[in-house]
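Working notes for the structure below.
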Amino acid sequence: MNKFFYLIARVAALLGAAVYHAWPRDQMVAGTPAGWAATPANIERGADLARAGAVMACHTVRGGAPFAGGRTLDTPFGRVVSPNITPDAATGIGNWSADDFWNALHNGKAPGGRLLYPAFPYPNYTKVTRPDSDALYAYLRNIAPQRQPSQPHGLRFPYNQQVALAAWRLLYFKPGVHEPDPKKPAEWNRGAYLVEGLGHCSACHSSRNSLGASEAGLSGGLIPQIGWYAPSLTADNEAGLGSWDRTHIVQLLRTGVAPRATVFGPMAEVVSRSLQHLSEPDLDAMALYLQSLPATPAAPQELPPPPQLEPVLRQGEALYKEHCADCHGAGGQGKGGVYPPLAGNRALTMREPVNAIRIVLNGGFAPGTAGNPRPFGMPPYGPVLSDGEVAAVVTFLRASWGNRAAPVTSAEVNRYRTVPLD
């Protein structure tokens, strides 16, 4: 049976490649002639754009030289390694032209026509305008070059084949720049450009099909292999922002903390290394756009826990009183600006319990930002609590103080106990 599926995948990939190579060239390459210039203004603008796109975060290994690559991303298809994008001629992009750089962002193609894997989010970056691409290029041309060869990916067959990638692109990728909506104000269009394009928010906040393609906009999804759930940005019972004060959204994006939420996990890095450096108008534009997204219906609340869960809830309550109540309060009310409330906390009541499990196991750490330089954190309880105890306390949190969410099991806890943090 495995050989049968292998043959089907191989034939489909070859057929996709045939169609790909028959595709008219003028539909595959877009853009205008390069107009980049290494002026101080263009370089500064490119630096701002790089921060908006979290470029350094993806292309910098922890403790390594900025933009020199080497950071790994585990996917269901194998491991992808970010390349060196410093202007080193031998190992980076020093020999790339502005047209080459534009072709990578807009078409997902390296010089010579090699297809890039969509772990590099060109399905979003394709919306970047040519002037912004040229500004990014000018900035990257003026950072310190690093002699560091890019490491090969570790993808499994047939996902490591260019013909298979060509077939994927035919199904799920179409180049196209951002087109402003003339019926919307300039601020809204700026927010849409940042969220859908440079910010590539859907790369995390969307579900993915069996071939790794994003689906359903910003409706949330489990980030494969990393073991975090990026909540829906359109559902009020997850991370929907429609009812928020816009200034609080800006505050959350800039500092990582706001009256109604605190960011943890991968989003903490996004805030720390990207969003906090954006201008106030850009953050406000993103907030305006996010608030305008059509709301999706909230999932129905879970029924009250069945009687057989009572022993688990009693165990969880005892553990909560011992380890958690001093900070979060006996009634889960939290302490304003310091420890988040747990009563009514959407991070606890989402259908996917993984984030709550990960925070109890590994601790919760808001980002250190200019607006929140000394964030309060939660210590990890994985070393002192068993899988069953973690399951009991998370189940208690998801069923107390008006929270209504399904219980979790020790097997679920164990699954995420072994997932690496990065």
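Naming scheme: A, B, ... for chains in displayed order of the structure tokens; residues 1 onward per chain; ligands 1 onward as shown.
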Exercise: A:Ala41 partners within 10 Å, only C-alpha atoms, chain neighbours under 4 positions left out, as a count of residues only
7
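Excluding A:Pro87 and any residue on its chain fewer than 4 positions from it, the residues at most 12 Å away by only C-alpha atoms are Pro66, Phe67, Ala68, Pro83, Thr91, Gly92, Ile93, Gly94, Asn95, Trp96, Ser97, Phe101, Tyr137, Ala138, Tyr139, Leu140, Arg141, Asn142, Ile143, Ala144, Pro145, Gln146, Arg147 and Gln148 of chain A.
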Could you give me, as CSV, a per-residue list for stretch 48-126 of chain A showing, wherever an atom lies at most 10 Å from an atom of stretch 154-166 of chain A, the closest pair of atoms and their distance in Å to one decimal, using only C-alpha atoms and sorting by chain then residue number from low to high?
residue,atom,partner,partner_atom,distance
A:Thr72,CA,A:Gly154,CA,9.7
A:Asp74,CA,A:Gly154,CA,9.1
A:Thr75,CA,A:Leu155,CA,8.6
A:Pro76,CA,A:Leu155,CA,9.1
A:Phe77,CA,A:Leu155,CA,5.8
A:Gly78,CA,A:Leu155,CA,4.1
A:Arg79,CA,A:Gly154,CA,4.7
A:Val80,CA,A:Gly154,CA,6.2
A:Val81,CA,A:Gly154,CA,8.0
A:Arg114,CA,A:Gln162,CA,7.8
A:Leu115,CA,A:Gln162,CA,6.7
A:Leu116,CA,A:Leu165,CA,8.3
A:Tyr117,CA,A:Leu165,CA,7.3
A:Pro118,CA,A:Leu165,CA,9.1
Take the selection from the previous step and output its residues with C-alpha atoms, as an mmCIF file, in the first residue's frame.
data_model
loop_
_atom_site.group_PDB
_atom_site.id
_atom_site.type_symbol
_atom_site.label_atom_id
_atom_site.label_comp_id
_atom_site.auth_asym_id
_atom_site.auth_seq_id
_atom_site.Cartn_x
_atom_site.Cartn_y
_atom_site.Cartn_z
ATOM 1 C CA THR A 72 15.721 25.260 11.953
ATOM 2 C CA ASP A 74 10.610 21.265 12.025
ATOM 3 C CA THR A 75 7.634 20.482 9.794
ATOM 4 C CA PRO A 76 5.557 17.339 9.192
ATOM 5 C CA PHE A 77 7.639 16.860 6.033
ATOM 6 C CA GLY A 78 11.076 17.191 7.610
ATOM 7 C CA ARG A 79 13.395 19.935 8.754
ATOM 8 C CA VAL A 80 13.853 23.269 6.976
ATOM 9 C CA VAL A 81 16.899 25.455 7.708
ATOM 10 C CA ARG A 114 15.293 27.026 -8.101
ATOM 11 C CA LEU A 115 11.949 26.908 -6.290
ATOM 12 C CA LEU A 116 11.933 27.932 -2.629
ATOM 13 C CA TYR A 117 10.022 26.084 0.053
ATOM 14 C CA PRO A 118 7.027 27.954 1.493
#
Using only C-alpha atoms, which residues sit within 8 Å of A:Ala366 once same-chain residues fewer than 2 positions away are excluded, as an MDAnalysis selection string?
chainID A and resid 256:257 262:264 268 364 368 375:377
Can I get the selection written as a PDB file, in the first residue's frame, with all heavy atoms?
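Saved the output as again06.pdb:
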ATOM      1  N   GLY A 256       3.430  43.480  24.554  1.00  0.00           N
ATOM      2  CA  GLY A 256       3.189  42.090  24.924  1.00  0.00           C
ATOM      3  C   GLY A 256       2.198  41.919  26.051  1.00  0.00           C
ATOM      4  O   GLY A 256       1.817  40.792  26.370  1.00  0.00           O
ATOM      5  N   VAL A 257       1.784  43.024  26.682  1.00  0.00           N
ATOM      6  CA  VAL A 257       0.806  42.949  27.766  1.00  0.00           C
ATOM      7  C   VAL A 257      -0.245  44.032  27.554  1.00  0.00           C
ATOM      8  O   VAL A 257       0.048  45.110  27.034  1.00  0.00           O
ATOM      9  CB  VAL A 257       1.458  43.126  29.159  1.00  0.00           C
ATOM     10  CG1 VAL A 257       2.391  41.967  29.467  1.00  0.00           C
ATOM     11  CG2 VAL A 257       2.216  44.447  29.235  1.00  0.00           C
ATOM     12  N   THR A 262      -2.082  38.753  27.704  1.00  0.00           N
ATOM     13  CA  THR A 262      -0.618  38.759  27.721  1.00  0.00           C
ATOM     14  C   THR A 262      -0.166  37.730  26.697  1.00  0.00           C
ATOM     15  O   THR A 262      -0.781  36.657  26.593  1.00  0.00           O
ATOM     16  CB  THR A 262      -0.072  38.392  29.113  1.00  0.00           C
ATOM     17  OG1 THR A 262      -0.533  39.348  30.068  1.00  0.00           O
ATOM     18  CG2 THR A 262       1.458  38.372  29.118  1.00  0.00           C
ATOM     19  N   VAL A 263       0.871  38.025  25.928  1.00  0.00           N
ATOM     20  CA  VAL A 263       1.330  37.062  24.931  1.00  0.00           C
ATOM     21  C   VAL A 263       2.411  36.169  25.518  1.00  0.00           C
ATOM     22  O   VAL A 263       3.236  36.606  26.322  1.00  0.00           O
ATOM     23  CB  VAL A 263       1.840  37.759  23.653  1.00  0.00           C
ATOM     24  CG1 VAL A 263       0.768  38.639  23.050  1.00  0.00           C
ATOM     25  CG2 VAL A 263       3.095  38.578  23.912  1.00  0.00           C
ATOM     26  N   PHE A 264       2.395  34.906  25.108  1.00  0.00           N
ATOM     27  CA  PHE A 264       3.371  33.919  25.536  1.00  0.00           C
ATOM     28  C   PHE A 264       3.799  33.106  24.318  1.00  0.00           C
ATOM     29  O   PHE A 264       3.242  33.240  23.228  1.00  0.00           O
ATOM     30  CB  PHE A 264       2.778  32.975  26.592  1.00  0.00           C
ATOM     31  CG  PHE A 264       2.402  33.643  27.887  1.00  0.00           C
ATOM     32  CD1 PHE A 264       1.080  33.909  28.191  1.00  0.00           C
ATOM     33  CD2 PHE A 264       3.377  33.997  28.802  1.00  0.00           C
ATOM     34  CE1 PHE A 264       0.728  34.518  29.380  1.00  0.00           C
ATOM     35  CE2 PHE A 264       3.043  34.603  29.996  1.00  0.00           C
ATOM     36  CZ  PHE A 264       1.710  34.867  30.294  1.00  0.00           C
ATOM     37  N   ALA A 268       5.389  35.756  21.818  1.00  0.00           N
ATOM     38  CA  ALA A 268       6.253  36.623  22.610  1.00  0.00           C
ATOM     39  C   ALA A 268       7.497  37.016  21.816  1.00  0.00           C
ATOM     40  O   ALA A 268       7.962  38.166  21.890  1.00  0.00           O
ATOM     41  CB  ALA A 268       6.649  35.913  23.909  1.00  0.00           C
ATOM     42  N   GLY A 364       5.423  30.409  31.810  1.00  0.00           N
ATOM     43  CA  GLY A 364       4.875  31.429  30.922  1.00  0.00           C
ATOM     44  C   GLY A 364       5.677  32.701  31.045  1.00  0.00           C
ATOM     45  O   GLY A 364       5.831  33.249  32.146  1.00  0.00           O
ATOM     46  N   GLY A 368      10.205  40.653  27.051  1.00  0.00           N
ATOM     47  CA  GLY A 368      10.799  41.874  27.567  1.00  0.00           C
ATOM     48  C   GLY A 368      10.828  42.909  26.456  1.00  0.00           C
ATOM     49  O   GLY A 368      11.455  42.688  25.418  1.00  0.00           O
ATOM     50  N   PRO A 375       9.125  42.061  32.648  1.00  0.00           N
ATOM     51  CA  PRO A 375       7.866  41.308  32.688  1.00  0.00           C
ATOM     52  C   PRO A 375       7.860  40.268  33.795  1.00  0.00           C
ATOM     53  O   PRO A 375       8.887  39.681  34.144  1.00  0.00           O
ATOM     54  CB  PRO A 375       7.822  40.646  31.310  1.00  0.00           C
ATOM     55  CG  PRO A 375       9.257  40.510  30.915  1.00  0.00           C
ATOM     56  CD  PRO A 375       9.941  41.727  31.473  1.00  0.00           C
ATOM     57  N   PHE A 376       6.690  40.069  34.376  1.00  0.00           N
ATOM     58  CA  PHE A 376       6.526  38.992  35.343  1.00  0.00           C
ATOM     59  C   PHE A 376       6.366  37.681  34.588  1.00  0.00           C
ATOM     60  O   PHE A 376       5.740  37.631  33.536  1.00  0.00           O
ATOM     61  CB  PHE A 376       5.291  39.251  36.214  1.00  0.00           C
ATOM     62  CG  PHE A 376       5.468  40.373  37.192  1.00  0.00           C
ATOM     63  CD1 PHE A 376       5.178  41.676  36.814  1.00  0.00           C
ATOM     64  CD2 PHE A 376       5.931  40.142  38.472  1.00  0.00           C
ATOM     65  CE1 PHE A 376       5.341  42.731  37.703  1.00  0.00           C
ATOM     66  CE2 PHE A 376       6.106  41.184  39.359  1.00  0.00           C
ATOM     67  CZ  PHE A 376       5.806  42.487  38.979  1.00  0.00           C
ATOM     68  N   GLY A 377       6.933  36.645  35.126  1.00  0.00           N
ATOM     69  CA  GLY A 377       6.861  35.341  34.482  1.00  0.00           C
ATOM     70  C   GLY A 377       6.334  34.293  35.435  1.00  0.00           C
ATOM     71  O   GLY A 377       6.255  34.496  36.647  1.00  0.00           O
TER      72      GLY A 377
END
Need to verify the contact set: A:Asp245, 12 Å, only C-alpha atoms, exclusion of same-chain residues closer than 2 positions in sequence. Can you return it as an NGL selection string?
:A and (241-243 or 247-252 or 258-260 or 284 or 287-288 or 290-291)
Test item: residues at most 6 Å from stretch 211-222 of chain A, only C-alpha atoms, excluding those fewer than 3 positions along its chain, as a CSV table (one decimal) with N, CA, C and O atoms, in the first residue's frame:
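Just written: result26.csv:
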chain,number,residue,atom,x,y,z
A,202,SER,N,-0.9,35.0,8.8
A,202,SER,CA,-1.6,33.7,8.5
A,202,SER,C,-0.7,32.5,8.4
A,202,SER,O,-1.1,31.4,8.5
A,205,HIS,N,-1.4,31.8,12.2
A,205,HIS,CA,-2.8,31.9,12.6
A,205,HIS,C,-3.8,31.3,11.6
A,205,HIS,O,-4.9,31.9,11.4
A,206,SER,N,-3.5,30.2,11.0
A,206,SER,CA,-4.4,29.6,10.1
A,206,SER,C,-4.2,28.1,10.2
A,206,SER,O,-3.1,27.6,10.5
A,207,SER,N,-5.2,27.3,9.9
A,207,SER,CA,-5.1,25.9,9.8
A,207,SER,C,-4.4,25.5,8.5
A,207,SER,O,-4.3,26.3,7.6
A,208,ARG,N,-3.8,24.3,8.5
A,208,ARG,CA,-3.1,23.8,7.3
A,208,ARG,C,-3.6,22.5,6.8
A,208,ARG,O,-4.0,21.6,7.7
A,229,TYR,N,-0.6,26.4,19.8
A,229,TYR,CA,-1.8,26.7,19.0
A,229,TYR,C,-1.9,28.2,18.8
A,229,TYR,O,-1.9,29.0,19.8
A,230,ALA,N,-1.9,28.7,17.5
A,230,ALA,CA,-2.1,30.1,17.2
A,230,ALA,C,-3.6,30.3,17.1
A,230,ALA,O,-4.2,29.9,16.2
A,231,PRO,N,-4.1,31.1,18.1
A,231,PRO,CA,-5.6,31.2,18.1
A,231,PRO,C,-6.2,32.0,17.0
A,231,PRO,O,-5.5,32.8,16.3
A,232,SER,N,-7.5,31.8,16.8
A,232,SER,CA,-8.2,32.5,15.8
A,232,SER,C,-8.2,34.0,16.1
A,232,SER,O,-8.5,34.4,17.2
A,233,LEU,N,-8.0,34.8,15.1
A,233,LEU,CA,-8.0,36.2,15.2
A,233,LEU,C,-9.4,36.8,14.8
A,233,LEU,O,-9.6,38.0,14.8
A,234,THR,N,-10.3,35.9,14.5
A,234,THR,CA,-11.7,36.3,14.1
A,234,THR,C,-12.7,35.8,15.1
A,234,THR,O,-13.9,36.2,14.9
Would you list the contacts of A:Pro180 as a PyMOL selection string, taking every protein, DNA or RNA residue within 10 Å and counting only C-alpha atoms, but skipping same-chain residues closer than 5 positions in sequence?
chain A and resi 185-186+188-190+192-193
Between atom CA of A:Gly337 and atom CA of A:Ala392, what is the spacing in Å?
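Those two atoms sit 27.2 Å apart.
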Output as a PyMOL selection string all residues of stretch 3-197 of chain A that backbone DSSP marks as alpha helix (DSSP H).
chain A and resi 3-22+25-28+40-52+55-58+98-107+122-125+130-140+162-172+186-193
If I take atom CA of A:Asp99 and atom CA of A:Pro131, how far is one from the other in Å, to one decimal?
11.5 Å
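If only C-alpha atoms are the atoms counted, then among A:Cys327, A:Val177, A:Ala52, A:Ala391 the closest residue to A:Arg415 is A:Ala391.
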Report, in Å with one decimal, the straight-line distance from atom CA of A:Pro297 to atom CA of A:Asp236.
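A separation of 8.1 Å between them.
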Which parts of stretch 70-316 of chain A does DSSP call strand (DSSP E or B) when run on the backbone here, written out as number ranges by chain?
A: 72-75, 78-81, 109, 115, 154-155, 207-208, 214-215, 221-223, 228-230, 257-258, 261-262
Mind writing the picked residues with N, CA and C atoms as a short mmCIF file (atom, residue, chain, number, x, y, z; two decimals), in the first residue's frame?
data_model
loop_
_atom_site.label_atom_id
_atom_site.label_comp_id
_atom_site.auth_asym_id
_atom_site.auth_seq_id
_atom_site.Cartn_x
_atom_site.Cartn_y
_atom_site.Cartn_z
N THR A 72 16.46 26.39 12.50
CA THR A 72 15.72 25.26 11.95
C THR A 72 14.23 25.37 12.27
N LEU A 73 13.45 24.83 11.37
CA LEU A 73 12.00 24.74 11.56
C LEU A 73 11.58 23.32 11.24
N ASP A 74 11.10 22.62 12.24
CA ASP A 74 10.61 21.27 12.02
C ASP A 74 9.19 21.32 11.48
N THR A 75 8.95 20.56 10.43
CA THR A 75 7.63 20.48 9.79
C THR A 75 7.22 19.02 9.70
N GLY A 78 9.65 17.18 7.36
CA GLY A 78 11.08 17.19 7.61
C GLY A 78 11.52 18.55 8.10
N ARG A 79 12.82 18.72 8.18
CA ARG A 79 13.40 19.94 8.75
C ARG A 79 13.81 20.91 7.66
N VAL A 80 13.46 22.19 7.87
CA VAL A 80 13.85 23.27 6.98
C VAL A 80 14.82 24.17 7.74
N VAL A 81 15.88 24.62 7.07
CA VAL A 81 16.90 25.45 7.71
C VAL A 81 16.97 26.79 6.97
N LYS A 109 11.26 32.16 -5.93
CA LYS A 109 12.27 31.52 -6.78
C LYS A 109 13.63 32.15 -6.53
N LEU A 115 13.15 26.59 -7.05
CA LEU A 115 11.95 26.91 -6.29
C LEU A 115 12.24 26.86 -4.80
N GLY A 154 16.42 19.09 5.62
CA GLY A 154 16.30 17.66 5.92
C GLY A 154 14.91 17.16 5.63
N LEU A 155 14.42 17.42 4.42
CA LEU A 155 13.08 17.01 4.04
C LEU A 155 13.07 15.58 3.50
N SER A 207 -5.22 27.32 9.85
CA SER A 207 -5.07 25.87 9.80
C SER A 207 -4.35 25.50 8.50
N ARG A 208 -3.81 24.29 8.45
CA ARG A 208 -3.10 23.82 7.27
C ARG A 208 -3.65 22.46 6.85
N SER A 214 -1.86 26.84 3.82
CA SER A 214 -2.74 27.56 4.75
C SER A 214 -4.16 27.57 4.23
N GLU A 215 -5.09 27.48 5.18
CA GLU A 215 -6.51 27.49 4.85
C GLU A 215 -7.27 28.38 5.82
N GLY A 221 -4.92 27.90 14.15
CA GLY A 221 -4.45 26.57 13.79
C GLY A 221 -3.31 26.12 14.66
N LEU A 222 -3.16 24.82 14.78
CA LEU A 222 -2.05 24.24 15.52
C LEU A 222 -0.79 24.35 14.69
N ILE A 223 0.27 24.90 15.26
CA ILE A 223 1.54 25.03 14.54
C ILE A 223 2.23 23.67 14.61
N TRP A 228 2.37 24.50 19.60
CA TRP A 228 1.61 25.64 20.12
C TRP A 228 0.41 25.85 19.20
N TYR A 229 -0.65 26.38 19.77
CA TYR A 229 -1.83 26.70 18.98
C TYR A 229 -1.89 28.21 18.78
N ALA A 230 -1.90 28.66 17.52
CA ALA A 230 -2.06 30.07 17.21
C ALA A 230 -3.55 30.34 17.12
N VAL A 257 1.78 43.02 26.68
CA VAL A 257 0.81 42.95 27.77
C VAL A 257 -0.25 44.03 27.55
N ALA A 258 -1.48 43.71 27.94
CA ALA A 258 -2.59 44.64 27.84
C ALA A 258 -3.61 44.25 28.89
N ALA A 261 -5.10 40.74 27.96
CA ALA A 261 -4.31 39.60 27.48
C ALA A 261 -2.82 39.84 27.71
N THR A 262 -2.08 38.75 27.70
CA THR A 262 -0.62 38.76 27.72
C THR A 262 -0.17 37.73 26.70
#
For each of A:Val354, A:Ala343, A:Val360, A:Ala50, take the minimum atom-to-atom distance to A:Pro224, counting only C-alpha atoms, then give the residue where this is smallest.
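Nearest candidate to A:Pro224 out of A:Val354, A:Ala343, A:Val360, A:Ala50: A:Val354.
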